[in-house]
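So this block is target-v9.cif, mmCIF, C-alpha atoms:
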```
data_entry
#
loop_
_atom_site.label_atom_id
_atom_site.label_comp_id
_atom_site.auth_asym_id
_atom_site.auth_seq_id
_atom_site.Cartn_x
_atom_site.Cartn_y
_atom_site.Cartn_z
CA PHE A 1 -6.20 -8.40 -58.53
CA GLY A 2 -6.59 -5.11 -56.70
CA GLU A 3 -6.58 -2.78 -59.72
CA PRO A 4 -9.94 -3.80 -61.37
CA ASP A 5 -11.80 -3.09 -58.12
CA ASP A 6 -9.74 0.00 -57.36
CA SER A 7 -8.70 -1.65 -54.10
CA GLN A 8 -5.68 -1.00 -51.93
CA VAL A 9 -3.86 -4.11 -50.73
CA ILE A 10 -1.45 -4.14 -47.79
CA VAL A 11 1.21 -6.84 -47.73
CA ILE A 12 3.11 -7.40 -44.49
CA ALA A 13 6.39 -9.29 -44.70
CA ASN A 14 9.73 -9.72 -42.96
CA GLU A 15 12.17 -9.15 -45.79
CA GLU A 16 15.13 -10.12 -43.63
CA GLN A 17 13.74 -13.64 -43.93
CA THR A 18 12.42 -13.59 -47.49
CA GLN A 19 15.69 -12.13 -48.77
CA LYS A 20 17.98 -14.21 -46.60
CA PRO A 21 20.86 -15.62 -48.71
CA ASN A 22 21.97 -19.23 -48.76
CA ASP A 23 25.28 -20.37 -47.30
CA ASP A 24 26.92 -19.53 -50.64
CA GLY A 25 25.77 -15.92 -50.33
CA LYS A 26 23.22 -16.19 -53.16
CA LEU A 27 19.45 -15.89 -52.97
CA SER A 28 17.42 -19.07 -53.24
CA ALA A 29 15.04 -19.48 -56.18
CA THR A 30 12.10 -18.70 -53.88
CA SER A 31 13.75 -15.55 -52.55
CA GLN A 32 14.59 -14.40 -56.07
CA ASP A 33 10.99 -14.98 -57.17
CA HIS A 34 9.78 -12.93 -54.23
CA LYS A 35 12.14 -10.11 -55.18
CA ASP A 36 10.97 -10.09 -58.80
CA ILE A 37 7.28 -10.18 -57.86
CA ARG A 38 7.78 -7.46 -55.27
CA GLU A 39 9.31 -5.10 -57.82
CA LYS A 40 6.34 -5.61 -60.15
CA LEU A 41 3.47 -5.43 -57.66
CA ILE A 42 4.49 -3.30 -54.68
CA GLY A 43 3.97 0.40 -55.24
CA ARG A 44 5.03 1.77 -51.89
CA THR A 45 7.13 0.33 -49.09
CA PHE A 46 6.85 1.31 -45.43
CA ALA A 47 9.14 0.22 -42.62
CA ILE A 48 7.47 -0.26 -39.24
CA GLN A 49 9.58 0.86 -36.31
CA ALA A 50 8.78 0.30 -32.66
CA ASP A 51 8.57 3.23 -30.24
CA LEU A 52 11.56 2.22 -28.14
CA HIS A 53 11.44 5.14 -25.73
CA SER A 54 7.79 4.64 -24.78
CA ALA A 55 8.19 0.88 -24.61
CA PHE A 56 11.18 1.18 -22.29
CA SER A 57 9.14 3.28 -19.85
CA GLY A 58 6.44 0.63 -19.79
CA PHE A 59 8.97 -2.14 -19.24
CA VAL A 60 10.52 -0.27 -16.32
CA GLU A 61 7.11 0.02 -14.68
CA ALA A 62 6.73 -3.76 -14.90
CA VAL A 63 9.88 -4.29 -12.82
CA GLU A 64 8.95 -5.10 -9.23
CA ASP A 65 12.28 -4.37 -7.51
CA ALA A 66 12.46 -0.66 -6.69
CA ASP A 67 16.28 -0.63 -6.77
CA ILE A 68 16.36 -2.15 -10.27
CA ARG A 69 13.63 0.21 -11.49
CA LYS A 70 15.79 3.11 -10.36
CA PHE A 71 18.88 1.54 -11.95
CA PHE A 72 17.14 1.05 -15.31
CA THR A 73 15.99 4.68 -15.23
CA ILE A 74 19.58 5.83 -14.64
CA LYS A 75 20.97 3.53 -17.34
CA ARG A 76 18.18 4.13 -19.83
CA GLU A 77 20.32 5.75 -22.53
CA GLU A 78 22.98 3.03 -22.35
CA ILE A 79 20.45 0.19 -22.54
CA GLU A 80 18.54 1.79 -25.42
CA THR A 81 21.83 2.28 -27.29
CA ILE A 82 22.78 -1.38 -26.86
CA PHE A 83 19.33 -2.47 -28.02
CA THR A 84 19.56 -0.23 -31.09
CA GLN A 85 23.03 -1.56 -31.90
CA SER A 86 21.72 -5.12 -31.76
CA ASN A 87 19.62 -4.43 -34.89
CA THR A 88 17.02 -6.91 -33.68
CA ASP A 89 14.12 -4.42 -33.52
CA ASN A 90 12.36 -6.92 -31.28
CA LEU A 91 11.00 -5.29 -28.15
CA ARG A 92 10.21 -8.69 -26.68
CA PHE A 93 13.96 -9.26 -26.49
CA LEU A 94 14.37 -6.04 -24.51
CA ARG A 95 11.48 -6.73 -22.14
CA GLN A 96 12.60 -10.27 -21.39
CA THR A 97 16.21 -9.20 -20.86
CA MET A 98 15.13 -6.53 -18.38
CA LEU A 99 13.06 -9.04 -16.42
CA ASP A 100 15.91 -11.57 -16.52
CA PHE A 101 18.34 -8.93 -15.26
CA GLU A 102 15.97 -8.18 -12.39
CA ARG A 103 16.00 -11.89 -11.54
CA LEU A 104 19.82 -11.92 -11.67
CA ALA A 105 19.98 -8.93 -9.34
CA GLY A 106 17.58 -10.70 -7.01
CA ALA A 107 20.31 -13.25 -6.33
CA MET A 108 22.54 -10.48 -4.94
CA GLU A 109 22.65 -8.94 -1.50
CA PRO A 110 20.51 -5.77 -1.15
CA ALA A 111 23.69 -3.70 -0.84
CA HIS A 112 24.90 -5.09 -4.17
CA ARG A 113 21.66 -4.13 -5.95
CA ARG A 114 21.91 -0.57 -4.67
CA LYS A 115 25.43 -0.03 -5.99
CA THR A 116 24.82 1.58 -9.38
CA GLU A 117 28.49 1.45 -10.38
CA ALA A 118 28.70 -2.30 -9.74
CA LEU A 119 25.54 -3.13 -11.67
CA GLY A 120 26.78 -0.78 -14.38
CA ASP A 121 29.73 -3.10 -15.07
CA ILE A 122 27.32 -6.00 -15.57
CA VAL A 123 24.51 -4.41 -17.56
CA GLY A 124 26.44 -3.84 -20.81
CA PRO A 125 27.82 -7.37 -21.28
CA TYR A 126 24.61 -8.96 -19.98
CA PHE A 127 22.24 -7.07 -22.30
CA ALA A 128 24.50 -7.33 -25.35
CA LEU A 129 24.99 -11.08 -24.96
CA SER A 130 21.31 -11.58 -24.21
CA PHE A 131 20.35 -9.90 -27.49
CA GLU A 132 22.98 -11.92 -29.35
CA MET A 133 21.68 -15.16 -27.87
CA LYS A 134 18.05 -14.35 -28.65
CA ALA A 135 19.06 -13.44 -32.22
CA GLN A 136 20.84 -16.83 -32.43
CA ARG A 137 24.19 -15.20 -33.22
CA ILE A 138 26.10 -16.81 -30.34
CA GLU A 139 26.08 -20.23 -28.72
CA TYR A 140 26.61 -21.47 -25.17
CA SER A 141 30.27 -22.25 -25.78
CA ASP A 142 30.99 -18.75 -27.15
CA VAL A 143 30.22 -16.77 -24.02
CA THR A 144 33.26 -17.54 -21.87
CA LYS A 145 35.52 -16.43 -24.73
CA PHE A 146 34.35 -12.82 -24.44
CA GLY A 147 36.75 -10.42 -22.82
CA ALA A 148 39.79 -12.18 -24.33
CA PRO A 149 41.39 -11.81 -27.78
CA ASP A 150 39.74 -13.79 -30.58
CA TRP A 151 42.87 -15.87 -31.18
CA SER A 152 41.23 -18.34 -33.57
CA SER A 153 40.42 -15.55 -36.03
CA LEU A 154 43.60 -13.57 -35.44
CA LEU A 155 45.98 -16.48 -35.95
CA SER A 156 44.17 -18.33 -38.70
CA GLY A 157 43.18 -15.29 -40.73
CA LYS A 158 39.76 -16.83 -41.22
CA ALA A 159 36.41 -15.05 -41.09
CA LYS A 160 35.57 -13.17 -37.90
CA GLY A 161 33.98 -15.29 -35.22
CA PRO A 162 31.00 -14.40 -33.00
CA GLN A 163 33.35 -12.92 -30.42
CA THR A 164 34.83 -10.34 -32.83
CA LYS A 165 31.53 -9.60 -34.57
CA THR A 166 29.78 -8.97 -31.26
CA GLY A 167 32.57 -6.71 -30.05
CA GLU A 168 32.30 -4.64 -33.22
CA ARG A 169 28.52 -4.46 -32.93
CA TYR A 170 28.72 -3.06 -29.40
CA PRO A 171 31.93 -0.97 -29.36
CA GLU A 172 31.19 0.70 -26.01
CA VAL A 173 30.51 -2.52 -24.12
CA LYS A 174 33.43 -3.70 -21.95
CA PHE A 175 33.12 -7.47 -22.06
CA ASP A 176 36.32 -7.86 -20.02
CA ASN A 177 34.77 -5.96 -17.12
CA ALA A 178 31.64 -8.02 -16.47
CA LEU A 179 32.35 -8.31 -12.72
CA LEU A 180 30.38 -11.55 -12.20
CA GLY A 181 32.35 -13.53 -14.75
CA MET A 182 31.26 -14.83 -18.12
CA ASP A 183 30.44 -18.25 -16.72
CA VAL A 184 27.74 -16.77 -14.49
CA ILE A 185 26.31 -14.72 -17.35
CA ARG A 186 26.41 -17.76 -19.67
CA ASP A 187 24.53 -19.98 -17.22
CA ALA A 188 21.98 -17.27 -16.50
CA LEU A 189 21.29 -16.59 -20.19
CA PHE A 190 21.32 -20.09 -21.64
CA ASN A 191 20.15 -22.19 -18.68
CA GLY A 192 18.31 -19.71 -16.49
CA ALA A 193 20.61 -20.95 -13.70
CA LEU A 194 21.58 -18.59 -10.90
CA ASN A 195 23.99 -19.66 -8.17
CA SER A 196 23.27 -17.13 -5.46
CA GLU A 197 26.28 -18.12 -3.41
CA THR A 198 28.68 -17.61 -6.33
CA ILE A 199 27.03 -14.36 -7.39
CA ARG A 200 27.17 -12.86 -3.89
CA GLU A 201 30.74 -14.01 -3.39
CA ARG A 202 31.95 -12.43 -6.63
CA MET A 203 30.11 -9.20 -5.96
CA ALA A 204 31.58 -9.06 -2.45
CA GLN A 205 35.09 -9.64 -3.83
CA SER A 206 34.76 -6.94 -6.49
CA LYS A 207 36.49 -3.58 -6.28
CA TYR A 208 33.22 -1.95 -5.22
CA PHE A 209 32.88 -3.91 -2.00
CA THR A 210 36.42 -4.89 -1.04
CA ALA A 211 37.99 -2.67 1.59
CA PRO A 212 41.28 -1.09 0.44
CA LYS A 213 44.38 -2.70 1.90
CA ASP A 214 46.54 -0.71 4.28
CA GLU A 215 50.01 -0.02 2.91
#
```

What is this file in structure tokens?
Amino acid sequence: FGEPDDSQVIVIANEEQTQKPNDDGKLSATSQDHKDIREKLIGRTFAIQADLHSAFSGFVEAVEDADIRKFFTIKREEIETIFTQSNTDNLRFLRQTMLDFERLAGAMEPAHRRKTEALGDIVGPYFALSFEMKAQRIEYSDVTKFGAPDWSSLLSGKAKGPQTKTGERYPEVKFDNALLGMDVIRDALFNGALNSETIRERMAQSKYFTAPKDE
């Protein structure tokens, strides 16, 4: 309908949804129709990509805690890498995760928040699992399994579970070194629940705050 009037028509669509296969791996009739029509009508295709670097700077400015703002600035490259590896391309996920992490850090003692190395052990697992949760790739019951071998897949020989897939998606993230424990991260992500007493106790008992024993 655009050609007779010499008009240019812009169609905006999320093809990850329109071309999403059924459980049997095949496209539905609707998705196949969309694919056929697209090939006939669409002359040019453009992919819209968010400006991650600029967005990250803006998100950091929105963080109220000065210690966490500084921490995010230091860990910028790592966080941006994890976000890119998530393949979500949803900056809302990143912004919300940063604000949620600030809230988690707020449950710690001031000395805990200022220890970059300690927060560094938490940021990788927390951000990766947050993106996975928001993308609906993991469930509540999956989280505490991270950091241990995926025995169900290894022993049964069945398809890889969320645990293995997530580990492969974020190869640099050390899920077995989350410091707070996966139960704390699970409750924070899925329930928004923060037990300040437990968080402070586990931080205090970590290698970063425990005095070395005399031999």

For this session: Do a neighbour search on segment 71-82 of chain A at 12 Å with only C-alpha atoms, toss out local chain neighbours closer than 5 positions, and write the hits as a ChimeraX atom specification.
Result: /A:51-66,87-89,91,93-95,97-99,101-102,105,112-132,166-174

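Note that atom CA of Gly147 of chain A and atom CA of Asp67 of chain A are 27.8 Å apart.
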
For this session: Find the spatial neighbours of Gly181 of chain A, counting all atoms listed in the file, within a cut-off of 12 Å - ignore same-chain residues fewer than 6 positions away - and output them as a ChimeraX atom specification.
Result: /A:121-122,125-126,143-147,175,187-188,198-199,201-203,205-206

Please write the residues from the selection above to a file, keeping C-alpha atoms, as a tab-separated table (two decimals), keeping the file's coordinate frame.
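File out.tsv, as written:
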```tsv
chain	number	residue	atom	x	y	z
A	121	ASP	CA	29.73	-3.10	-15.07
A	122	ILE	CA	27.32	-6.00	-15.57
A	125	PRO	CA	27.82	-7.37	-21.28
A	126	TYR	CA	24.61	-8.96	-19.98
A	143	VAL	CA	30.22	-16.77	-24.02
A	144	THR	CA	33.26	-17.54	-21.87
A	145	LYS	CA	35.52	-16.43	-24.73
A	146	PHE	CA	34.35	-12.82	-24.44
A	147	GLY	CA	36.75	-10.42	-22.82
A	175	PHE	CA	33.12	-7.47	-22.06
A	187	ASP	CA	24.53	-19.98	-17.22
A	188	ALA	CA	21.98	-17.27	-16.50
A	198	THR	CA	28.68	-17.61	-6.33
A	199	ILE	CA	27.03	-14.36	-7.39
A	201	GLU	CA	30.74	-14.01	-3.39
A	202	ARG	CA	31.95	-12.43	-6.63
A	203	MET	CA	30.11	-9.20	-5.96
A	205	GLN	CA	35.09	-9.64	-3.83
A	206	SER	CA	34.76	-6.94	-6.49
```

Exercise. How many Å lie between atom CA of Glu139 of chain A and atom CA of Arg92 of chain A, rounded to one decimal?
Worked result: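 Separating atom CA of Glu139 of chain A from atom CA of Arg92 of chain A is a distance of 19.7 Å.
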
Using only the atoms of segment 190-204 of chain A listed in the file, plus 6 Å on each side, state the axis-aligned box centre and edge lengths in Å rounded to one decimal, as JSON.
```
{"center_x": 25.1, "center_y": -15.6, "center_z": -12.0, "size_x": 25.6, "size_y": 25.1, "size_z": 31.2}
```
